[in-house]
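Student: Let me give you the structure first, and then I'll get to my questions.
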Amino acid sequence: MTEPTWHEKLIGGFRRTSDKLGDNLSGLFTKTTLDHETLDEIEEALIASDLGPATAAKIRATLGSARYERGLDEAGVRQVVADEIAAILAPVAKPLEIEAFPRPQVILVIGVNGSGKTTTIAKLAHLLQEQDYEVMLVAGDTFRAAAIGQLKVWAERLNIPIISGKEGGDAASLVFEGVKQGTARGTDVLIVDTAGRLQNKAGLMDELSKIRRVLGRLNPAAPHDVVLVLDATTGQNALNQIEVFGASAGVTGLVMTKLDGSARGGTLVAAAEKYGMPIHAIGVGETIEDLRPFDPQEVARAIAGVERLASSKNPA
Ligand SMILES: Nc1nc2c(ncn2[C@@H]2O[C@H](COP(=O)(O)OP(=O)(O)OP(=O)(O)O)[C@@H](O)[C@H]2O)c(=O)[nH]1
């Protein structure tokens, strides 16, 4: 059996989200005209699909415009939903650029326990390796021995050097060591895992400011990126994390994981609409290949279920 393509994974990953959207909208598709009541119902259905109230209101306004006064069938509604989602995602879909000079570019990765932070670091490292960048990891999540061990296993699998220490050790000094060694080896990118437990804002701030202080001695431009990893399955909770930690922790971009197998893919759109922060990549599975920068059109069509509808009507 051949490996599914990224496109197939995306469509499969967002299947439950587009199913949910379909369930929420079903019953409305039989109506021939989009009267006020139907539009209200569609707006509610979109909110219930985690797309966020602002996006839902925009889509309602578009569907309510004179252009559609003769009504729309299911495919038409889904297409409008896809177009609006694509317009929201397009400005935030920004792959990580590796452009730091001097090298290495330092990327700090923060995220709550279980958000997929460690796996995301491995996937990101793999993605950058594929682009021929030399990558090094720093096991700065010294809070738990298991986190250090897990990252070491990934480093070995990917054949990437890793700087690690003991549980309870000082993360900032590991980062310092990472930049020193990375500079000597001509490393392009240093990806730093952090124990930035978002449950404790003061602790996160202390840790990040210490890392910043230490890094500043070697390169005032570092860290170049502070990437917040979010678990899409937590819905509103993921959005709250952007609210609470985005500005104060100096987050420069997001990675949203676990967009597969959950019905909460709409969270990606709500995050884009509400915060407008760059979204570097999305995770749609547990393997090393399952994280990629995304094409807004493709993702929008997957969420809205446009292709699935087309293919179910026109079986190959
Ligand atoms: N389905 C799915 N699972 C994912 C994705 N990303 C990560 N995971 C899984 O989520 C679980 C937690 O991932 P970790 O990378 O260990 O998360 P973490 O945030 O580092 O967690 P701690 O190590 O506990 O701090 C693992 O079982 C991963 O395989 C994704 O995009 N999709």
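Residues are named by chain letter and number: chains run A, B, ... in the order of the structure tokens, numbers start at 1 in each chain, and ligands are numbered from 1 in the order shown.
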Might you pull out every residue within 12 Å of Gly116 (chain A), with only C-alpha atoms counted and same-chain residues fewer than 6 positions away left off, and present them as a list in words?
Tutor: Val109, Ile110, Ala122, Lys123, Leu124, Ala147, Gln150, Leu151, Asp193, Leu228, Val229, Leu230, Asp231, Ala232, Thr233, Val255, Met256, Thr257, Lys258, Leu259, Ile282, Gly283, Val284, Gly285, Glu286, Thr287, Asp290 and Leu291 of chain A
Student: I'd like to know which residues of region 146-237 of chain A are helix (DSSP H, G or I) (by DSSP, run on the backbone); could you write them as a ChimeraX atom specification?
Tutor: /A:146-158,171-185,201-218,232-234,236-237
Student: As a PyMOL selection string, which residues of region 125-305 of chain A does DSSP assign to strand (DSSP E or B)?
Tutor: chain A and resi 135-140+162-163+189-194+225-231+253-257+279-283+291-292
Student: Can you pull out every residue within 10 Å of region 270-274 of chain A, counting only C-alpha atoms, but drop anything in the same chain fewer than 2 positions away, and send it as JSON, numbers by chain?
Tutor: {"A": [47, 50, 51, 52, 53, 54, 55, 56, 85, 87, 88, 89, 90, 91, 92, 93, 232, 235, 236, 238, 239, 240, 242, 243, 254, 256, 265, 266, 267, 268, 276, 277, 278, 279]}
Student: Do you know which residues are at most 12 Å from Ser209 (chain A) counting only C-alpha atoms, after dropping those on the same chain fewer than 2 positions away, and could you put them as a VMD selection string?
Tutor: chain A and resid 108 171 to 172 196 202 to 207 211 to 216 222 to 223 248 to 250
Student: Report, in Å to a single decimal, how far apart CA of Glu298 (chain A) and CA of Gly22 (chain A) are.
Tutor: 17.8 Å
Student: Rank A:Ala100, A:Gly165, A:Asp260, A:Tyr275 by their smallest atom-to-atom distance to Ala302 (chain A), using only C-alpha atoms, and report the top residue only.
Tutor: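 Going through A:Ala100, A:Gly165, A:Asp260, A:Tyr275 one by one, the smallest distance to Ala302 (chain A) is for A:Asp260.
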Student: So what do you get for CA of Glu8 (chain A) versus CA of Ser115 (chain A), distance-wise?
Tutor: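 That distance, rounded to one decimal, is 23.6 Å.
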Student: Select, from A:Asp19, A:Asp188, A:Glu156, A:Asp73, the residue with the minimum atom-to-atom distance to Ile98 (chain A), counting only C-alpha atoms.
Tutor: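 Of A:Asp19, A:Asp188, A:Glu156, A:Asp73, the one nearest Ile98 (chain A), counting only C-alpha atoms, is A:Asp188.
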Student: Hey, can you check how far CA of Arg15 (chain A) sits from CA of Leu39 (chain A)?
Tutor: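 Atom-to-atom, CA of Arg15 (chain A) and CA of Leu39 (chain A) are spaced 24.1 Å apart.
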Student: Compare A:Pro220, A:Ala82, A:Pro102, A:Val192 by their minimum atom-to-atom distance to Leu208 (chain A), counting only C-alpha atoms, and give me the closest one.
Tutor: A:Val192
Student: What's around Glu289 (chain A) at 9 Å? Count only C-alpha atoms, leave out sequence neighbours fewer than 6 positions away in its own chain, and write the answer as a ChimeraX atom specification.
Tutor: /A:6,123,126-127
Student: My list of candidates is A:Ala139, A:Ala221, A:Ala281, A:Ala300. Which is closest to Lys94 (chain A) when distances are computed with only C-alpha atoms?
Tutor: A:Ala281
Student: Give me the residues within 7 Å of His224 (chain A) as number ranges by chain, counting only C-alpha atoms and dropping any in the same chain fewer than 3 places off.
Tutor: A: 105-107, 221
